[in-house]
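Scroll down for the structure; my scribbles are underneath it.
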Amino acid sequence: YSLPPGAQHMFDTLDHFPPIIDSTMLSAYASCPQKFFVEFVLRKSKSGRSIHLHAGGCMAAAFEAYRIAYYRDGLKEPDCLAAAFRVFIARWGDMEVPEHIASYKDFINCWSAVEQYFHYYPCATDYFQPFIKSDGAPAVEFRFAIPTDIRHPLTRDPIMFGGRADMLAQNEPTSCYVVDEKTTNALGAMWYKQWAMRGQFYGYTFAARWMGFPCAGALVRGIAIQQTQFSFAEHTVLLTDQQLMRWWETTQTRISNMVEMFQRAKETVDRGDQHDIFTRSYGDACSSYGGCQFQELCLEERPWDYYESYETRIWNPLAEDPTAASPNRNDNFAPATMAELMKGM
């Protein structure tokens with residue numbers, strides 16, 4: 001079987017497999033292995049940046065800046081808000097909500113939501129306060145990378161499970177919670193129900209316990225951004241050791257399957273059918289959230305002929321902005337780290 005013309009470009013990209021797997025990658029693989037392959041192995045993405053991802057990242061940066069200013073630097077709340085606003089502006093850049101997307105997540109609404117959040121949950125009286133780490137620092141950020149039992153197919157090092165959460169918080173001295181803020185269009189009964197089996201929170205909690213923190217589970221705080229108002233809700237997800245071990249076993253099985261598919265794809269370089277090794281969903285993943293951005297590739301007999309319409313996107317689970325290292329980023333982001341953003345504040 002001869003190599004199809006134009007396919008060599010695809011094969012040249014099979015020199016990458018993620019060294020760190022996070023909840024985003026696991027979710028992509030669980031919904032559609034083909035999506036995981038294109039997005040995180042071939043590192044392809046449609047041009048532009050999701051307004052939902054962008055808005056969430058900017059708000060998370062503002063939350064972190066506010067908490068650093070208050071809990072670490074001891075500033076008054078108005079000064080904390082000013083510090084958060086400077087970071088928010090720098091992070092937002094010149095991003096605008098695309099006209100074809102029905103969303104209220106523009107600059108003004110997202111910043112207003114940050115202001116209202118700290119009015120609703122003022123640091124001085126919030127009954128969830130940052131967990132104080134052994135070095136005395138408040139855990140206003142939680143970043144982790146822990147080893148799995150699975151070997152990387154190229155380096156043979158252990159594949160890491162990693163990620164970055166908004167904060168470790170506690171409302172009692174004997175336990176803590178991983179905090180995650182979620183933006184949405186509306187809050188209702190289904191908003192609460194969707195978190196019980198959310199792998200992201202299982203992963204955060206498992207990693208926190210692995211690192212020695214007395215983590216009971218996750219605290220999810222919802223922020224509904226609507227046309228004329230904001231509303232807030234919170235929900236705690238309490239997890240047992242048995243539940244976490246079940247999740248960990250499932251996660252390692254999925255990562256092992258990812259590696260197996262990748263190795264099989266490497267071995268089929270002369271047949272030109274790498275895309276077929278990573279199976280396709282043919283289900284909800286193809287149409288969720290307005291349709292998968294990779295559907296065009298799945299419909300084509302020679303998907304590599306359409307790579308030029310995609311950009312290279314590098315995903316770093318441990319970075320404050322996971323896609324900051326991508327060569328095609330077309331937004332106007334300022335410095336990449338929180339330390340740089342808060343210089344002189």
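By order of appearance in the structure tokens: chains A, B, ..., then residues from 1 within every chain, and ligands from 1 in the order shown.
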
- [ ] List every residue of stretch 108-245 of chain A that DSSP, applied to the backbone of this structure, assigns to alpha helix (DSSP H), and report them as a PyMOL selection string.
- [x] chain A and resi 108-120+189-193+199-210+241-245

Task: Spatial neighbours of A:Cys286, max dist 12 Å, only C-alpha atoms, sep filter under 5 positions, as a list in words - done: Ala28, Ser31, Cys32, Pro33, Gln34, Lys35, Arg280, Ser281, Gly291, Cys292, Gln293, Phe294, Gln295, Glu296, Leu297, Cys298 and Leu299 of chain A

Write out, as a tab-separated table (two decimals), in the first residue's frame, the residues just selected, with all heavy atoms.
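Listing of out_36.tsv after writing:
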chain	number	residue	atom	x	y	z
A	28	ALA	N	-11.99	14.76	26.34
A	28	ALA	CA	-11.99	14.68	24.88
A	28	ALA	C	-11.89	13.24	24.42
A	28	ALA	O	-12.63	12.81	23.51
A	28	ALA	CB	-10.84	15.50	24.32
A	31	SER	N	-15.14	11.27	25.05
A	31	SER	CA	-16.23	11.62	24.14
A	31	SER	C	-15.94	11.16	22.72
A	31	SER	O	-16.85	10.74	22.00
A	31	SER	CB	-16.47	13.13	24.15
A	31	SER	OG	-15.36	13.84	23.61
A	32	CYS	N	-14.66	11.22	22.32
A	32	CYS	CA	-14.30	10.83	20.95
A	32	CYS	C	-12.78	10.71	20.84
A	32	CYS	O	-12.09	11.73	20.83
A	32	CYS	CB	-14.82	11.87	19.94
A	32	CYS	SG	-14.37	11.49	18.23
A	33	PRO	N	-12.24	9.50	20.75
A	33	PRO	CA	-10.78	9.34	20.61
A	33	PRO	C	-10.20	10.11	19.43
A	33	PRO	O	-9.07	10.59	19.49
A	33	PRO	CB	-10.61	7.82	20.44
A	33	PRO	CG	-11.76	7.25	21.20
A	33	PRO	CD	-12.91	8.20	20.93
A	34	GLN	N	-10.96	10.23	18.34
A	34	GLN	CA	-10.48	10.99	17.18
A	34	GLN	C	-10.26	12.45	17.52
A	34	GLN	O	-9.29	13.07	17.08
A	34	GLN	CB	-11.50	10.87	16.03
A	34	GLN	CG	-11.13	11.63	14.77
A	34	GLN	CD	-10.00	10.99	13.98
A	34	GLN	OE1	-9.46	11.60	13.06
A	34	GLN	NE2	-9.63	9.76	14.30
A	35	LYS	N	-11.15	13.01	18.32
A	35	LYS	CA	-11.00	14.40	18.77
A	35	LYS	C	-9.72	14.56	19.58
A	35	LYS	O	-8.96	15.51	19.39
A	35	LYS	CB	-12.21	14.83	19.59
A	35	LYS	CG	-12.19	16.28	20.06
A	35	LYS	CD	-13.45	16.63	20.84
A	35	LYS	CE	-13.54	18.12	21.14
A	35	LYS	NZ	-12.44	18.62	21.95
A	280	ARG	N	-13.92	7.13	15.95
A	280	ARG	CA	-14.79	8.31	15.92
A	280	ARG	C	-16.04	8.06	16.75
A	280	ARG	O	-16.50	6.93	16.87
A	280	ARG	CB	-15.15	8.65	14.48
A	280	ARG	CG	-13.95	9.08	13.64
A	280	ARG	CD	-14.27	9.05	12.15
A	280	ARG	NE	-13.15	9.56	11.36
A	280	ARG	CZ	-12.10	8.84	11.00
A	280	ARG	NH1	-12.03	7.56	11.37
A	280	ARG	NH2	-11.12	9.36	10.29
A	281	SER	N	-16.60	9.13	17.29
A	281	SER	CA	-17.75	9.01	18.17
A	281	SER	C	-19.02	8.58	17.44
A	281	SER	O	-19.73	7.69	17.88
A	281	SER	CB	-18.01	10.36	18.87
A	281	SER	OG	-19.26	10.37	19.49
A	291	GLY	N	-21.45	21.81	17.35
A	291	GLY	CA	-20.74	20.96	16.40
A	291	GLY	C	-19.25	20.92	16.64
A	291	GLY	O	-18.63	21.92	16.99
A	292	CYS	N	-18.66	19.77	16.45
A	292	CYS	CA	-17.22	19.59	16.66
A	292	CYS	C	-16.44	20.33	15.58
A	292	CYS	O	-16.77	20.26	14.39
A	292	CYS	CB	-16.89	18.10	16.63
A	292	CYS	SG	-15.12	17.75	16.77
A	293	GLN	N	-15.38	21.00	15.98
A	293	GLN	CA	-14.57	21.76	15.02
A	293	GLN	C	-13.80	20.86	14.06
A	293	GLN	O	-13.29	21.32	13.04
A	293	GLN	CB	-13.59	22.66	15.78
A	293	GLN	CG	-12.56	21.91	16.62
A	293	GLN	CD	-11.48	22.82	17.17
A	293	GLN	OE1	-10.97	23.70	16.46
A	293	GLN	NE2	-11.12	22.63	18.43
A	294	PHE	N	-13.74	19.55	14.37
A	294	PHE	CA	-12.99	18.63	13.52
A	294	PHE	C	-13.89	17.78	12.63
A	294	PHE	O	-13.43	16.84	11.99
A	294	PHE	CB	-12.12	17.72	14.39
A	294	PHE	CG	-11.22	18.47	15.33
A	294	PHE	CD1	-11.38	18.35	16.70
A	294	PHE	CD2	-10.24	19.32	14.86
A	294	PHE	CE1	-10.57	19.05	17.58
A	294	PHE	CE2	-9.43	20.03	15.71
A	294	PHE	CZ	-9.59	19.90	17.08
A	295	GLN	N	-15.17	18.11	12.57
A	295	GLN	CA	-16.10	17.30	11.79
A	295	GLN	C	-15.70	17.26	10.32
A	295	GLN	O	-15.86	16.23	9.66
A	295	GLN	CB	-17.52	17.85	11.95
A	295	GLN	CG	-18.58	16.94	11.35
A	295	GLN	CD	-19.99	17.41	11.67
A	295	GLN	OE1	-20.70	17.84	10.76
A	295	GLN	NE2	-20.38	17.34	12.93
A	296	GLU	N	-15.17	18.35	9.82
A	296	GLU	CA	-14.74	18.40	8.41
A	296	GLU	C	-13.73	17.29	8.13
A	296	GLU	O	-13.80	16.62	7.08
A	296	GLU	CB	-14.12	19.76	8.12
A	296	GLU	CG	-13.48	19.87	6.75
A	296	GLU	CD	-12.67	21.15	6.58
A	296	GLU	OE1	-11.95	21.53	7.54
A	296	GLU	OE2	-12.74	21.74	5.51
A	297	LEU	N	-12.79	17.09	9.04
A	297	LEU	CA	-11.76	16.07	8.84
A	297	LEU	C	-12.37	14.68	8.83
A	297	LEU	O	-11.95	13.81	8.07
A	297	LEU	CB	-10.68	16.18	9.92
A	297	LEU	CG	-9.92	17.51	10.00
A	297	LEU	CD1	-8.88	17.47	11.10
A	297	LEU	CD2	-9.27	17.84	8.67
A	298	CYS	N	-13.34	14.46	9.72
A	298	CYS	CA	-13.96	13.13	9.82
A	298	CYS	C	-14.78	12.79	8.58
A	298	CYS	O	-14.99	11.61	8.28
A	298	CYS	CB	-14.83	13.06	11.07
A	298	CYS	SG	-13.89	13.06	12.61
A	299	LEU	N	-15.26	13.79	7.87
A	299	LEU	CA	-16.10	13.55	6.70
A	299	LEU	C	-15.28	13.32	5.43
A	299	LEU	O	-15.83	12.89	4.40
A	299	LEU	CB	-17.05	14.73	6.49
A	299	LEU	CG	-18.16	14.90	7.54
A	299	LEU	CD1	-18.89	16.22	7.33
A	299	LEU	CD2	-19.13	13.73	7.48

TODO: Can you check which residues of stretch 191-248 of chain A DSSP gives as strand (DSSP E) on the backbone and send them as a list of chain:residue names?
DONE: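 Filtering stretch 191-248 of chain A to strand (DSSP E) leaves A:Cys215, A:Ala216, A:Gly217, A:Ala218, A:Leu219, A:Val220, A:Arg221, A:Gly222, A:Ile223, A:Ala224, A:Ile225, A:Phe230, A:Ser231, A:Phe232, A:Ala233, A:Glu234, A:His235, A:Thr236, A:Val237, A:Leu238.
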
With N, CA and C atoms retained, export the selected residues as a compact mmCIF listing (two decimals), in the first residue's frame.
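Output saved as selection.txt:
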# COMPACT_ATOMS: atom_id res chain seq x y z
N CYS A 215 -8.00 16.90 51.57
CA CYS A 215 -9.03 17.41 50.65
C CYS A 215 -10.28 16.54 50.70
N ALA A 216 -11.40 17.14 51.04
CA ALA A 216 -12.67 16.42 51.14
C ALA A 216 -13.38 16.32 49.81
N GLY A 217 -13.08 17.21 48.88
CA GLY A 217 -13.75 17.23 47.58
C GLY A 217 -13.62 18.58 46.92
N ALA A 218 -14.65 18.98 46.20
CA ALA A 218 -14.60 20.22 45.42
C ALA A 218 -15.72 21.16 45.84
N LEU A 219 -15.42 22.44 45.81
CA LEU A 219 -16.40 23.50 45.99
C LEU A 219 -16.58 24.18 44.64
N VAL A 220 -17.76 24.03 44.05
CA VAL A 220 -18.04 24.61 42.74
C VAL A 220 -18.90 25.85 42.95
N ARG A 221 -18.43 26.98 42.44
CA ARG A 221 -19.20 28.21 42.52
C ARG A 221 -19.60 28.65 41.12
N GLY A 222 -20.90 28.76 40.92
CA GLY A 222 -21.42 29.11 39.61
C GLY A 222 -21.71 30.59 39.50
N ILE A 223 -21.40 31.15 38.33
CA ILE A 223 -21.64 32.56 38.04
C ILE A 223 -22.46 32.62 36.75
N ALA A 224 -23.71 33.00 36.87
CA ALA A 224 -24.57 33.12 35.69
C ALA A 224 -24.46 34.53 35.14
N ILE A 225 -23.98 34.64 33.90
CA ILE A 225 -23.82 35.94 33.25
C ILE A 225 -24.98 36.10 32.27
N PHE A 230 -26.63 39.23 37.22
CA PHE A 230 -25.75 38.11 37.53
C PHE A 230 -26.37 37.35 38.70
N SER A 231 -26.16 36.07 38.73
CA SER A 231 -26.61 35.29 39.88
C SER A 231 -25.52 34.28 40.23
N PHE A 232 -25.55 33.82 41.47
CA PHE A 232 -24.48 32.98 41.99
C PHE A 232 -25.06 31.77 42.72
N ALA A 233 -24.32 30.69 42.71
CA ALA A 233 -24.72 29.48 43.43
C ALA A 233 -23.46 28.69 43.74
N GLU A 234 -23.54 27.82 44.71
CA GLU A 234 -22.40 26.97 45.01
C GLU A 234 -22.86 25.58 45.38
N HIS A 235 -21.95 24.63 45.18
CA HIS A 235 -22.27 23.23 45.44
C HIS A 235 -20.99 22.52 45.85
N THR A 236 -21.04 21.72 46.88
CA THR A 236 -19.88 20.94 47.30
C THR A 236 -20.02 19.51 46.82
N VAL A 237 -18.94 18.97 46.32
CA VAL A 237 -18.88 17.58 45.86
C VAL A 237 -17.97 16.84 46.81
N LEU A 238 -18.54 16.00 47.67
CA LEU A 238 -17.77 15.22 48.65
C LEU A 238 -17.44 13.86 48.06

Task: Nearby residues (only C-alpha atoms) at most 6 Å from stretch 161-168 of chain A, same-chain spacing under 5 positions excluded, as a VMD selection string - done: chain A and resid 20 to 22 130 to 131 139 to 146 177 to 180 317 to 318

Task: Top pick for closest residue to A:Asp149, considering A:Glu96, A:Glu249, A:Asp15, A:Asp106 and counting only C-alpha atoms - done: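 Ranked by minimum distance to A:Asp149, first place goes to A:Glu249.
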
Open item on the list: Counting only C-alpha atoms, which residue out of A:Met258, A:Asn185, A:Ile314, A:Ser288 sits closest to A:Ile150?
Closed with: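 Nearest candidate to A:Ile150 out of A:Met258, A:Asn185, A:Ile314, A:Ser288: A:Met258.
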
- [ ] Determine, counting only C-alpha atoms, which protein, DNA and RNA residues have an atom within 8 Å of an atom of stretch 42-45 of chain A; residues of the same chain fewer than 4 positions away are not included. Present the result as a PyMOL selection string.
- [x] chain A and resi 10+13-14+16+37-38+293+307+310-315

Task: Minimum-distance residue to A:Glu260, chosen among A:Trp248, A:Phe278, A:Tyr204, A:Tyr66 (using only C-alpha atoms) - done: A:Phe278

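Proximity of A:Ala84, A:Thr240, A:Phe40, A:Asp276 to A:Ala61, computed with only C-alpha atoms, is greatest for A:Ala84.
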
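The spacing separating atom CA of A:Pro173 from atom CA of A:Tyr127 amounts to 12.0 Å.
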
Open item on the list: Report, in Å to a single decimal, how far apart atom CA of A:Ser23 and atom CA of A:Gly199 are.
Closed with: 6.7 Å

Open item on the list: Quick check, in Å to one decimal: how far apart do atom CA of A:Thr184 and atom CA of A:Gly56 lie?
Closed with: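 Atom CA of A:Gly56 lies at a distance of 10.1 Å from atom CA of A:Thr184.
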
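Of the listed residues A:His275, A:His52, A:Lys46, A:Lys76, the one whose atoms come nearest to A:Arg302 is A:His275, with distances taken using only C-alpha atoms.
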